[in-house]
Structures are given as C-alpha cells and as structure tokens.
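**Student:** Pasting in a structure now, in structure tokens, and then I'll have a few things to ask.
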Amino acid sequence: MTAEPRGKPAPPAVPWDIRRVYLDAAAASSPMARRVAETLPGVPRIVLEPGASPPELAPDELPAKGKNVLYLKEYKGRFLRPCPGTRRYYCCGYQIVHIGENCPMDCSYCILKAYFRDNVLKVWANQEDQFRALHEAFGADRSRRFRVGTGEFTDSLALESVTGHTRALLDFLKDYDNVVLELKSKKADLSWLDAVSRPDRVLSAWSLNAPEFSRLEEGGVSSLTQRLQAAKTCAQAGLGVCLHFDPIAHFPGWKAGYGEAVDMIFDYLKPEDVVYVSLGSFRYLPELGARMRREGRMPGYMAGEFVTGLDGKTRLLRSLRVPQLRFIAERLSARGLARKTYLCMESGEVWRDVFGRAPDGLGDPGGLAAHLRALAFDRG
Ligand code: SF4
C-alpha cells in the first residue's frame with residue numbers, strides 16, 4: 001500500500017462516482033440544488049433550457065454501472081400515488097411519495113430496469129411543489145391515516161448523502177400526525193436520523209435476502225449485517241423496523257440461505273422492534289428479461305420454472321414458491337412474528353396455502369391494508 005504524502009489528505013470520494021449534475025432551470029436555485037452543490041463541490045453542473053433533457057452519455061463515458069449522472073428535475077407529475085399493484089392479488093395499500101427515479105445500486109433483479117429505459121439518477125428538486133401536493137392530500141382530513149413510503153421508484157436513502165431529500169421530507173411531515181413514513185433501503189445511511197422528531201411516525205425498512213444471494217446479485221449495497229445494524233440503531237432511537245424479503249429467489253441451497261437470513265434478524269432485533277415483514281417471490285416484467293439478455297447476464301435463479309401471472313409478470317410456479325414462502329413464514333412465526341408477516345402480491349389461494357387464511361380473515365375491516373396501517377400507527 002502506498003502512503004498518502006503528509007499534509008495532503010485524500011480528497012473525499014464523490015458519492016456513487018457522480019460525474020455530472022444536470023438541473024432544470026426552474027430548479028437551479030432550489031434548496032436541493034444548493035445542497036447538491038455543497039455535497040458535490042467539484043462536479044460539473046449544467047443548467048438545462050426549459051423542455052430540454054440530459055443528453056445520452058457517449059459509450060466511452062459510460063462506466064460499468066452506467067449510473068453516474070444526477071438530474072435535479074422540476075417534476076410536474078403526481079407526487080402521491082398508489083403502489084402499482086393489481087386487483088387480482090392482495091395489495092398492502094401502501095402509497096408512494098414519489099421523490100425520483102432510478103437507483104445508483106446495481107441489483108441484477110431490479111424491476112426499475114424494466115420501468116425505466118435510461119440510467120440517469122433523477123431526483124425531484126421542486127420539493128416545495130411536492131409539499132404543497134402532499135399537504136392537499138394529508139391535510140384535507142386529519143382523521144384519515146396514510147401509510148406512505150419513498151422506496152418504490154428509487155431507493156429511499158441511496159442518494160440521501162447528496163440530496164438531503166429525506167431530511168427535508170421529515171421536517172415537512174412532523175406536522176402530520178396522520179402520516180407514517182416508511183423509508184426502504186439497502187443502504188445503511190442514517191445521516192437523516194437526527195432529523196426525526198416523531199419516531200412513532202417513521203418506519204425504517206430494510207430489504208433482506210439470503211446472504212450468498214445478496215453477495216452475488218446485489219451490487220453497491222450495504223451488507224446484510226450493516227443493514228441489520230442500522231435497523232437496530234433505528235429501533236434504539238424509537239423507530240419501528242420493517243423488513244422485506246423481496247425477491248425470494250429459487251436457487252440450490254435456498255432453504256439454508258433464507259433460514260440463515262431469518263436467524264440473523266434476531267441477532268440484532270427483538271420481535272417487538274419489528275412492525276411487519278413482507279415476503280415477495282421473485283417476479284419480473286418481460287422487459288427485465290430482455291434487458292438482462294442485452295447486458296449478457298442471465299443469473300441461475302432465472303432459469304427455473306415460471307408462469308405468467310394475472311398481472312403480466314413472470315413468476316415462479318406456485319408449486320415452487322409456496323414451499324419457500326411457507327418455510328420463511330413458519331421460521332418468522334416461531335420467533336413471534338406470525339401476525340406481522342404478509343405476502344406481497346399473492347392470491348387468496350396462495351395465502352391460504354402459506355398461512356391457512358386469506359387477508360380478509362385478518363380480523364380488521366379492510367383486510368391487509370387496514371391491518372398493516374394499524375400495525376404501523378399503533379405500535380404500542
Ligand atoms: S437497491 Fe432496490 S432500487 Fe436499487 S438497484 Fe437494488 S433493487 Fe433496484
């Protein structure tokens with residue numbers, strides 16, 4: 001190893017190797033643009049003419065992962081929207097606070113590769129417009145409870161060290177007792193934690209998987225132990241913890257791998273720290289398969305037996321996925337999490353195969369969505 005010359009500390013690494021920042025003219029003087037200028041001091045910033053988009057990068061500018069351009073956009077679409085579920089399967093009723101698109105990490109199975117064609121990291125910089133829209137929804141009837149999250153079209157925390165988006169959102173939400181915010185991530189960044197003034201209204205959510213699968217298929221992420229350590233820190237600060245096993249993939253040794261992952265949870269967390277756990281079997285849109293073939297990677301877990309589901313997604317055969325879901329659910333149940341475990345986008349038949357009941361039998365009017373809302377708000 002070569003020592004750094006004395007008096008010349010190494011310059012701080014640029015987060016995610018971001019090489020260029022584009023800004024819509026209307027967002028160029030926003031608080032977020034100022035924060036990004038501070039966190040990425042040496043990175044070129046280009047202000048776009050109204051209506052213009054960041055140009056495609058030349059092939060020789062693209063790094064291996066291809067996600068090094070940040071675009072601070074004046075977003076004009078819907079800031080609050082329902083999760084893109086389907087009526088054919090039980091949906092958890094989560095609502096998305098839309099903060100941006102794409103993710104700097106690189107998971108082989110990432111559904112965003114099917115949703116978005118480009119690799120540009122987009123963040124909505126007009127947070128004042130976002131807060132106005134959220135106030136219209138959350139402030140209209142304070143007796144109506146919302147369970148919302150930012151981790152649907154991007155990772156909730158991956159760009160937090162650059163944009164400070166979550167800190168600003170937490171500050172806005174402190175006045176809304178009727179909203180619980182779920183922050184879902186594979187990046188153990190807790191730089192926002194000191195901005196939480198209502199720990200009973202914030203859920204820190206972590207995606208988990210079998211350790212070896214995570215090591216092979218999730219690029220640029222924090223390790224499982226780092227995520228669980230971060231979850232423990234959040235629990236100690238009074239936040240609820242949510243865990244998401246998604247995607248549950250079928251590969252040789254899956255039982256040992258998912259068993260190990262479940263057991264790891266309890267090295268860090270007590271059952272009462274956990275608000276809920278979701279189980280989602282691996283499923284994908286045809287566009288993801290096409291893109292993976294173009295990129296020349298077709299991981300082994302995609303070679304199993306699949307069918308096309310009622311939502312148009314390709315999913316594992318029921319005879320393969322039910323034993324996996326049941327195995328993980330039973331292991332969680334043995335640790336006291338039976339009522340806190342649910343299935344992501346599955347039919348009543350699969351629910352009954354796994355739990356012996358469907359969500360309508362959860363005992364709360366409104367089934368799964370009401371059950372999860374109650375768990376999120378009334379942690380007692
Ligand atoms: S962390 Fe989530 S959003 Fe990011 S690449 Fe992985 S699956 Fe996609």
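Starting from 1 in every chain, residues are counted up; chains themselves are A, B, ... following the order of the structure tokens, and ligands are numbered from 1 as listed.
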When you look at Asp171 of chain A with a cut-off of 12 Å (counting only C-alpha atoms), what residues show up, excluding the ones that are within fewer than 5 positions of it in the same chain? I need them as an MDAnalysis selection string.
**Tutor:** chainID A and resid 127 131 164:166 176 181 192:198 202
**Student:** Output C-alpha atoms for every residue in the selection just made, as a tab-separated table (two decimals), in the first residue's frame.
**Tutor:**
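Okay, this is what ended up in again.tsv:
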chain	number	residue	atom	x	y	z
A	127	GLN	CA	-39.80	19.93	-3.03
A	131	PHE	CA	-45.02	19.52	-0.08
A	164	GLY	CA	-30.80	15.62	1.78
A	165	HIS	CA	-34.24	14.80	0.43
A	166	THR	CA	-35.34	12.68	3.37
A	176	TYR	CA	-48.92	15.48	10.12
A	181	LEU	CA	-43.45	7.39	6.50
A	192	TRP	CA	-31.19	11.66	8.44
A	193	LEU	CA	-31.87	10.04	11.81
A	194	ASP	CA	-31.27	13.16	13.90
A	195	ALA	CA	-33.96	14.95	11.84
A	196	VAL	CA	-36.68	12.60	13.16
A	197	SER	CA	-38.87	14.45	15.64
A	198	ARG	CA	-41.72	11.87	15.63
A	202	VAL	CA	-41.27	6.85	10.92
**Student:** Need the shell around Gly348 of chain A: protein/DNA/RNA residues with any atom at most 8 Å away, counting only C-alpha atoms. Skip same-chain ones fewer than 4 positions apart. Format as an mmCIF file with C-alpha atoms, in the first residue's frame?
**Tutor:**
data_model
loop_
_atom_site.group_PDB
_atom_site.id
_atom_site.type_symbol
_atom_site.label_atom_id
_atom_site.label_comp_id
_atom_site.auth_asym_id
_atom_site.auth_seq_id
_atom_site.Cartn_x
_atom_site.Cartn_y
_atom_site.Cartn_z
ATOM 1 C CA TYR A 89 -53.759 -10.056 -5.911
ATOM 2 C CA TYR A 90 -53.900 -8.806 -2.342
ATOM 3 C CA ARG A 352 -54.327 -19.995 2.327
ATOM 4 C CA ARG A 357 -56.127 -17.944 5.839
ATOM 5 C CA ALA A 358 -56.538 -15.056 3.401
ATOM 6 C CA PRO A 359 -56.201 -11.350 4.361
#
**Student:** Apply DSSP to the backbone of this structure and, from segment 159-343 of chain A, keep only the residues in helix (DSSP H, G or I); write these as JSON, numbers by chain.
**Tutor:** {"A": [160, 161, 162, 163, 165, 166, 167, 168, 169, 170, 171, 172, 173, 193, 194, 195, 199, 200, 201, 211, 212, 213, 214, 215, 216, 217, 224, 225, 226, 227, 228, 229, 230, 231, 232, 233, 234, 235, 236, 254, 255, 256, 257, 258, 259, 260, 261, 262, 263, 264, 265, 266, 267, 268, 271, 272, 273, 286, 287, 288, 289, 290, 291, 292, 293, 294, 300, 301, 302, 318, 319, 320, 321, 322, 323, 324, 325, 326, 327, 328, 329, 330, 331, 332, 333, 334, 338, 339, 340]}
**Student:** Using only C-alpha atoms and all ligand atoms, find each residue of chain A with at least one atom at most 7 Å away from an atom of ligand 1; report its shortest atom-to-atom pair and that distance in Å (one decimal), sort the rows by chain and rising residue number, and return the result as a Markdown table.
**Tutor:**
| residue | atom | partner | partner_atom_place_in_ligand_line | distance |
| --- | --- | --- | --- | --- |
| A:Asn102 | CA | ligand 1 | 3 (S) | 6.6 |
| A:Cys103 | CA | ligand 1 | 4 (Fe) | 4.6 |
| A:Pro104 | CA | ligand 1 | 4 (Fe) | 6.4 |
| A:Met105 | CA | ligand 1 | 5 (S) | 4.4 |
| A:Asp106 | CA | ligand 1 | 5 (S) | 4.2 |
| A:Cys107 | CA | ligand 1 | 6 (Fe) | 4.2 |
| A:Tyr109 | CA | ligand 1 | 7 (S) | 6.5 |
| A:Cys110 | CA | ligand 1 | 8 (Fe) | 4.1 |
| A:Ile111 | CA | ligand 1 | 8 (Fe) | 6.4 |
| A:Leu112 | CA | ligand 1 | 8 (Fe) | 5.9 |
| A:Phe153 | CA | ligand 1 | 3 (S) | 6.8 |
| A:Thr154 | CA | ligand 1 | 3 (S) | 4.9 |
| A:Asp155 | CA | ligand 1 | 3 (S) | 4.8 |
| A:Ser185 | CA | ligand 1 | 1 (S) | 6.5 |
| A:Lys186 | CA | ligand 1 | 1 (S) | 5.4 |
| A:Glu218 | CA | ligand 1 | 6 (Fe) | 6.3 |
| A:Val221 | CA | ligand 1 | 1 (S) | 6.7 |
**Student:** For C-alpha atoms, I'd like the residues from the last selection saved as an mmCIF file, in the first residue's frame.
**Tutor:**
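Output file result36.cif follows:
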data_model
loop_
_atom_site.group_PDB
_atom_site.id
_atom_site.type_symbol
_atom_site.label_atom_id
_atom_site.label_comp_id
_atom_site.auth_asym_id
_atom_site.auth_seq_id
_atom_site.Cartn_x
_atom_site.Cartn_y
_atom_site.Cartn_z
ATOM 1 C CA ASN A 102 -33.577 5.076 -10.749
ATOM 2 C CA CYS A 103 -31.018 3.928 -8.226
ATOM 3 C CA PRO A 104 -27.213 4.034 -8.045
ATOM 4 C CA MET A 105 -27.004 0.465 -6.758
ATOM 5 C CA ASP A 106 -26.997 -2.488 -9.097
ATOM 6 C CA CYS A 107 -29.165 -5.491 -8.228
ATOM 7 C CA TYR A 109 -33.209 -8.427 -10.489
ATOM 8 C CA CYS A 110 -34.091 -4.726 -10.133
ATOM 9 C CA ILE A 111 -37.540 -4.046 -11.563
ATOM 10 C CA LEU A 112 -36.573 -0.441 -12.271
ATOM 11 C CA PHE A 153 -39.252 4.038 -7.960
ATOM 12 C CA THR A 154 -35.889 4.552 -6.295
ATOM 13 C CA ASP A 155 -34.135 3.541 -3.079
ATOM 14 C CA SER A 185 -33.341 0.888 1.571
ATOM 15 C CA LYS A 186 -30.374 -1.372 1.046
ATOM 16 C CA GLU A 218 -26.817 -7.030 -5.193
ATOM 17 C CA VAL A 221 -25.375 -2.231 -1.433
#
**Student:** Quick one: pick out all strand (DSSP E) residues within segment 254-344 of chain A from a backbone DSSP run and write them as a list in words.
**Tutor:**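 Filtering segment 254-344 of chain A to strand (DSSP E) leaves Val274, Val275, Tyr276, Val277, Ser278, Leu279, Gly280, Ser281, Arg283, Tyr284, Phe306, Val307, Thr308, Thr314, Arg315, Leu316, Thr341, Tyr342 and Leu343 of chain A.
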**Student:** Excluding same-chain residues fewer than 4 positions from segment 188-191 of chain A, what lies within 9 Å of it counting only C-alpha atoms, as a PDB file with C-alpha atoms, in the first residue's frame?
**Tutor:**
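around_24.pdb was written with the following content:
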ATOM      1  CA  LEU A 157     -31.764   6.519   1.135  1.00  0.00           C
ATOM      2  CA  ALA A 158     -29.167   5.806  -1.554  1.00  0.00           C
ATOM      3  CA  GLU A 160     -29.596  10.971   0.820  1.00  0.00           C
ATOM      4  CA  SER A 161     -25.978  11.958   1.476  1.00  0.00           C
ATOM      5  CA  GLY A 164     -30.797  15.623   1.781  1.00  0.00           C
ATOM      6  CA  ARG A 167     -34.301  15.265   5.971  1.00  0.00           C
ATOM      7  CA  ALA A 195     -33.965  14.948  11.843  1.00  0.00           C
ATOM      8  CA  TRP A 206     -34.669  -2.854   5.091  1.00  0.00           C
ATOM      9  CA  VAL A 221     -25.375  -2.231  -1.433  1.00  0.00           C
ATOM     10  CA  SER A 222     -24.616  -2.314   2.295  1.00  0.00           C
ATOM     11  CA  SER A 223     -24.055  -5.824   3.617  1.00  0.00           C
ATOM     12  CA  GLN A 226     -24.707  -3.382   8.055  1.00  0.00           C
ATOM     13  CA  ARG A 227     -28.418  -3.144   7.227  1.00  0.00           C
ATOM     14  CA  LEU A 228     -29.418  -5.031  10.355  1.00  0.00           C
ATOM     15  CA  GLN A 229     -27.050  -2.948  12.494  1.00  0.00           C
ATOM     16  CA  ALA A 230     -28.697   0.174  11.036  1.00  0.00           C
ATOM     17  CA  ALA A 231     -32.116  -1.321  11.800  1.00  0.00           C
ATOM     18  CA  THR A 233     -29.837   1.734  15.699  1.00  0.00           C
ATOM     19  CA  CYS A 234     -33.220   2.911  14.386  1.00  0.00           C
TER      20      CYS A 234
END
**Student:** Please build the interface table for segment 291-341 of chain A against segment 369-378 of chain A with a cut-off of 12 Å, listing for each qualifying residue the nearest atom pair and the distance in Å to one decimal; count only C-alpha atoms, order rows by chain and increasing number, and write it as CSV.
**Tutor:**
residue,atom,partner,partner_atom,distance
A:Leu337,CA,A:Leu375,CA,12.0
A:Arg339,CA,A:His371,CA,9.3
A:Lys340,CA,A:Leu375,CA,7.9
A:Thr341,CA,A:Leu372,CA,9.7
**Student:** Taking only C-alpha atoms into account, name the residue in A:Ser281, A:Ser143, A:Thr308, A:Asn126 that is nearest to Gln324 of chain A.
**Tutor:**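 Smallest distance to Gln324 of chain A is found for A:Ser281.
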**Student:** List the spatial neighbours of segment 258-267 of chain A as a VMD selection string - criterion: any atom at most 10 Å away, only C-alpha atoms, same-chain residues fewer than 2 positions off excluded.
**Tutor:** chain A and resid 208 to 213 224 to 225 228 to 229 231 to 232 243 245 248 to 249 253 to 256 269 to 271 274 324 327 to 329 331 to 332 335
**Student:** Any chance you could tabulate, as CSV, the residues of segment 106-183 of chain A at most 10 Å from segment 16-19 of chain A with each one's nearest atom pair and distance in Å to one decimal, using only C-alpha atoms, in chain and rising number order?
**Tutor:**
residue,atom,partner,partner_atom,distance
A:Leu121,CA,A:Ile18,CA,9.5
A:Ala158,CA,A:Trp16,CA,9.1
A:Leu159,CA,A:Trp16,CA,8.5
A:Val162,CA,A:Trp16,CA,9.5
